[in-house]
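Here's the structure, in structure tokens; my notes come after.
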Amino acid sequence: MAVTSNYEAPVKTIMDNKNAKLVIKSMLTGKIVVFPAFLTTFNQTFTSTWNEEDVYGRMDSIATFQNTKRQISLGFDLPAATFVVAQDNLENCDMLAQFLYPGYTKQSDGIGQVISRPPLVSVKFANLVSSGGGDASKQQSGGALGYLSGLEWSPILDMGMFTDESGKLYPKVISLSFTLTVLHQGVKGFGDNNKFLSNGFFNP
């Protein structure tokens, strides 16, 4: 299920012809939000963790490799030239915020509920954010699986807002940012022949 958009024709043309769209899918509900990729920030971080042990008489610590983690930080703006688009943008922001909440299951006594499903997401932006890791030269069909550590969005107040008959406000421009912690799928590293292994891609 995708949240439909009423973006103006020029924006849709850029999204379709230039592959300039950011696709975020909730792996819990299957719902999808699609944003035009007017990126303001983009940062990808790979962090390796080593366990270091100091030994008497040795100048350097004995380091044992543990893992490598990948995080992607994105910031983008959502402009709206019309009231309808502003409504759509706000709906998409609300939908994206819902993607941060888990799934619950009723307990057997029917009184309480317990968390049973984590709020995992898939994020796809052309070949820069995909299940293909940091290889920006290859177009991967799948999104990067992971979880959002948080979401920030704020209206650009200087740009003004639309108002409906009931007095509800709809920002003309919304600024969003989030950080995705990627969950690696399959094997990633070097094999016996020293060729890089990057299989088991996730394709939502």
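Residues in the structure tokens are numbered from 1 in each chain, the chains being A, B, ... in the order shown, and ligands are numbered from 1 in the order shown.
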Do you know which residues are at most 9 Å from Lys21 (chain A) counting only C-alpha atoms, after dropping those on the same chain fewer than 6 positions away, and could you put them as a compact mmCIF listing (two decimals) with all heavy atoms, in the first residue's frame?
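Ended up saving to out.txt:
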```
# COMPACT_ATOMS: atom_id res chain seq x y z
N ILE A 14 10.56 14.95 -12.64
CA ILE A 14 11.91 14.80 -12.09
C ILE A 14 12.03 13.50 -11.32
O ILE A 14 13.02 12.77 -11.45
CB ILE A 14 12.25 16.00 -11.18
CG1 ILE A 14 12.33 17.29 -12.00
CG2 ILE A 14 13.56 15.76 -10.44
CD1 ILE A 14 12.52 18.54 -11.17
N MET A 15 11.01 13.18 -10.51
CA MET A 15 11.04 11.95 -9.72
C MET A 15 11.14 10.71 -10.60
O MET A 15 11.89 9.79 -10.31
CB MET A 15 9.80 11.86 -8.84
CG MET A 15 9.74 12.87 -7.70
SD MET A 15 8.17 12.81 -6.80
CE MET A 15 8.20 11.15 -6.12
N VAL A 34 6.45 7.77 -0.41
CA VAL A 34 7.38 8.16 -1.46
C VAL A 34 7.52 9.68 -1.43
O VAL A 34 6.53 10.41 -1.51
CB VAL A 34 6.88 7.71 -2.86
CG1 VAL A 34 7.88 8.13 -3.93
CG2 VAL A 34 6.67 6.20 -2.88
N PHE A 35 8.76 10.14 -1.30
CA PHE A 35 9.04 11.58 -1.26
C PHE A 35 9.89 11.98 -2.46
O PHE A 35 10.78 11.22 -2.88
CB PHE A 35 9.81 11.94 0.01
CG PHE A 35 9.08 11.68 1.29
CD1 PHE A 35 9.45 10.61 2.10
CD2 PHE A 35 8.05 12.49 1.71
CE1 PHE A 35 8.79 10.36 3.29
CE2 PHE A 35 7.38 12.26 2.90
CZ PHE A 35 7.75 11.19 3.69
N PRO A 36 9.67 13.18 -3.01
CA PRO A 36 10.63 13.70 -3.99
C PRO A 36 11.94 13.99 -3.26
O PRO A 36 11.94 14.56 -2.17
CB PRO A 36 9.96 14.98 -4.49
CG PRO A 36 9.04 15.38 -3.40
CD PRO A 36 8.57 14.11 -2.75
N ALA A 37 13.04 13.57 -3.84
CA ALA A 37 14.32 13.61 -3.13
C ALA A 37 15.01 14.96 -3.27
O ALA A 37 16.04 15.09 -3.94
CB ALA A 37 15.23 12.49 -3.63
N PHE A 38 14.45 15.98 -2.63
CA PHE A 38 15.12 17.27 -2.55
C PHE A 38 16.04 17.24 -1.33
O PHE A 38 15.76 17.85 -0.30
CB PHE A 38 14.10 18.41 -2.44
CG PHE A 38 13.22 18.55 -3.66
CD1 PHE A 38 11.86 18.30 -3.58
CD2 PHE A 38 13.76 18.90 -4.89
CE1 PHE A 38 11.04 18.43 -4.70
CE2 PHE A 38 12.95 19.03 -6.01
CZ PHE A 38 11.60 18.79 -5.92
N LYS A 124 15.08 3.27 0.17
CA LYS A 124 15.66 3.18 -1.17
C LYS A 124 15.76 4.57 -1.78
O LYS A 124 14.79 5.32 -1.81
CB LYS A 124 14.78 2.29 -2.05
CG LYS A 124 15.31 2.10 -3.48
CD LYS A 124 16.46 1.12 -3.50
CE LYS A 124 16.80 0.70 -4.92
NZ LYS A 124 17.34 1.79 -5.75
N PHE A 125 16.95 4.94 -2.23
CA PHE A 125 17.13 6.16 -3.00
C PHE A 125 18.14 5.86 -4.11
O PHE A 125 19.35 5.82 -3.88
CB PHE A 125 17.63 7.31 -2.13
CG PHE A 125 18.03 8.53 -2.91
CD1 PHE A 125 17.15 9.11 -3.81
CD2 PHE A 125 19.28 9.09 -2.76
CE1 PHE A 125 17.52 10.23 -4.54
CE2 PHE A 125 19.66 10.20 -3.49
CZ PHE A 125 18.77 10.78 -4.38
N ALA A 126 17.60 5.62 -5.32
CA ALA A 126 18.44 5.32 -6.49
C ALA A 126 19.47 4.25 -6.11
O ALA A 126 19.13 3.24 -5.50
CB ALA A 126 19.09 6.58 -7.02
```
Taking the backbone alone, and naming residues the way the document does, which bits of region 14-200 of chain A are strand (DSSP E or B) by DSSP, as a PyMOL selection string? chain A and resi 21-26+32-36+39-53+62-79+103-106+113-117+121-125+129+144-155+161-163+169-171+173-182+188-190+196-198
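Separating CA of Thr40 (chain A) from CA of Leu176 (chain A) is a distance of 9.2 Å.
Close contacts of region 60-65 of chain A, defined as residues with an atom at most 9 Å away when counting only C-alpha atoms, with chain neighbours fewer than 5 positions off set aside, comprise Ser48, Thr49, Trp50, Asn51, Glu52, Glu53, Asp54 and Val55 of chain A.
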Set the distance at 9 Å and use only C-alpha atoms: which residues neighbour region 151-156 of chain A once local chain neighbours fewer than 2 positions away are removed? I'd like the list as a list in words. Cys93, Leu96, Ala97, Leu100, Leu148, Ser149, Asp158, Met159, Gly160, Met161, Tyr170, Pro171, Lys172, Val173, Ile174, Ser175, Leu176, Ser177, Phe178 and Thr179 of chain A
Would you save the residues of that selection, restricted to N, CA and C atoms, as a PDB file, in the first residue's frame?
```pdb
ATOM      1  N   CYS A  93       4.238  12.763   6.260  1.00  0.00           N
ATOM      2  CA  CYS A  93       5.068  12.925   7.457  1.00  0.00           C
ATOM      3  C   CYS A  93       4.470  12.149   8.633  1.00  0.00           C
ATOM      4  N   LEU A  96       5.118   8.471   8.049  1.00  0.00           N
ATOM      5  CA  LEU A  96       6.511   8.107   8.322  1.00  0.00           C
ATOM      6  C   LEU A  96       6.757   8.014   9.821  1.00  0.00           C
ATOM      7  N   ALA A  97       6.171   8.919  10.601  1.00  0.00           N
ATOM      8  CA  ALA A  97       6.328   8.865  12.058  1.00  0.00           C
ATOM      9  C   ALA A  97       5.753   7.571  12.619  1.00  0.00           C
ATOM     10  N   LEU A 100       7.903   4.308  13.125  1.00  0.00           N
ATOM     11  CA  LEU A 100       8.830   4.148  14.238  1.00  0.00           C
ATOM     12  C   LEU A 100       8.228   3.368  15.399  1.00  0.00           C
ATOM     13  N   LEU A 148      14.960   3.077  11.995  1.00  0.00           N
ATOM     14  CA  LEU A 148      15.170   4.511  12.163  1.00  0.00           C
ATOM     15  C   LEU A 148      15.409   4.795  13.641  1.00  0.00           C
ATOM     16  N   SER A 149      16.541   5.443  13.931  1.00  0.00           N
ATOM     17  CA  SER A 149      16.841   5.766  15.327  1.00  0.00           C
ATOM     18  C   SER A 149      16.079   6.994  15.787  1.00  0.00           C
ATOM     19  N   ASP A 158       9.224  30.610   7.859  1.00  0.00           N
ATOM     20  CA  ASP A 158       9.352  31.786   6.992  1.00  0.00           C
ATOM     21  C   ASP A 158       8.626  31.604   5.663  1.00  0.00           C
ATOM     22  N   MET A 159       8.381  30.343   5.273  1.00  0.00           N
ATOM     23  CA  MET A 159       7.724  30.081   3.999  1.00  0.00           C
ATOM     24  C   MET A 159       6.200  30.155   4.102  1.00  0.00           C
ATOM     25  N   GLY A 160       5.681  30.204   5.325  1.00  0.00           N
ATOM     26  CA  GLY A 160       4.240  30.342   5.500  1.00  0.00           C
ATOM     27  C   GLY A 160       3.503  29.015   5.498  1.00  0.00           C
ATOM     28  N   MET A 161       2.162  29.108   5.629  1.00  0.00           N
ATOM     29  CA  MET A 161       1.317  27.918   5.686  1.00  0.00           C
ATOM     30  C   MET A 161      -0.006  28.157   4.969  1.00  0.00           C
ATOM     31  N   TYR A 170      -1.267  23.861   7.305  1.00  0.00           N
ATOM     32  CA  TYR A 170      -0.505  22.953   6.456  1.00  0.00           C
ATOM     33  C   TYR A 170       0.719  23.700   5.939  1.00  0.00           C
ATOM     34  N   PRO A 171       1.923  23.347   6.437  1.00  0.00           N
ATOM     35  CA  PRO A 171       3.136  24.070   6.049  1.00  0.00           C
ATOM     36  C   PRO A 171       3.391  24.004   4.546  1.00  0.00           C
ATOM     37  N   LYS A 172       3.904  25.110   3.994  1.00  0.00           N
ATOM     38  CA  LYS A 172       4.261  25.138   2.581  1.00  0.00           C
ATOM     39  C   LYS A 172       5.578  24.414   2.320  1.00  0.00           C
ATOM     40  N   VAL A 173       6.449  24.386   3.333  1.00  0.00           N
ATOM     41  CA  VAL A 173       7.708  23.639   3.225  1.00  0.00           C
ATOM     42  C   VAL A 173       7.976  22.947   4.558  1.00  0.00           C
ATOM     43  N   ILE A 174       8.251  21.648   4.498  1.00  0.00           N
ATOM     44  CA  ILE A 174       8.593  20.867   5.691  1.00  0.00           C
ATOM     45  C   ILE A 174      10.005  20.324   5.525  1.00  0.00           C
ATOM     46  N   SER A 175      10.811  20.466   6.564  1.00  0.00           N
ATOM     47  CA  SER A 175      12.175  19.936   6.565  1.00  0.00           C
ATOM     48  C   SER A 175      12.222  18.677   7.423  1.00  0.00           C
ATOM     49  N   LEU A 176      12.758  17.594   6.862  1.00  0.00           N
ATOM     50  CA  LEU A 176      12.827  16.307   7.562  1.00  0.00           C
ATOM     51  C   LEU A 176      14.252  15.789   7.599  1.00  0.00           C
ATOM     52  N   SER A 177      14.540  14.971   8.608  1.00  0.00           N
ATOM     53  CA  SER A 177      15.830  14.286   8.692  1.00  0.00           C
ATOM     54  C   SER A 177      15.675  13.034   9.551  1.00  0.00           C
ATOM     55  N   PHE A 178      16.471  12.015   9.236  1.00  0.00           N
ATOM     56  CA  PHE A 178      16.469  10.790  10.027  1.00  0.00           C
ATOM     57  C   PHE A 178      17.781  10.061   9.823  1.00  0.00           C
ATOM     58  N   THR A 179      18.051   9.115  10.730  1.00  0.00           N
ATOM     59  CA  THR A 179      19.230   8.259  10.627  1.00  0.00           C
ATOM     60  C   THR A 179      18.777   6.808  10.570  1.00  0.00           C
TER      61      THR A 179
END
```
I want to know what sits within 8 Å of Gly146 (chain A), based on only C-alpha atoms, with residues of the same chain fewer than 6 positions away left out; could you give that as a ChimeraX atom specification? /A:120-122,180-183
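One distance worth recording is that between CA of Thr105 (chain A) and CA of Leu28 (chain A), which is 12.9 Å.
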How many Å separate CA of Thr163 (chain A) from CA of Leu90 (chain A)? 12.7 Å
Counting only C-alpha atoms, which of A:Pro79, A:Gly150, A:Gly57, A:Gly167 gets nearest to Gln98 (chain A)? A:Gly150
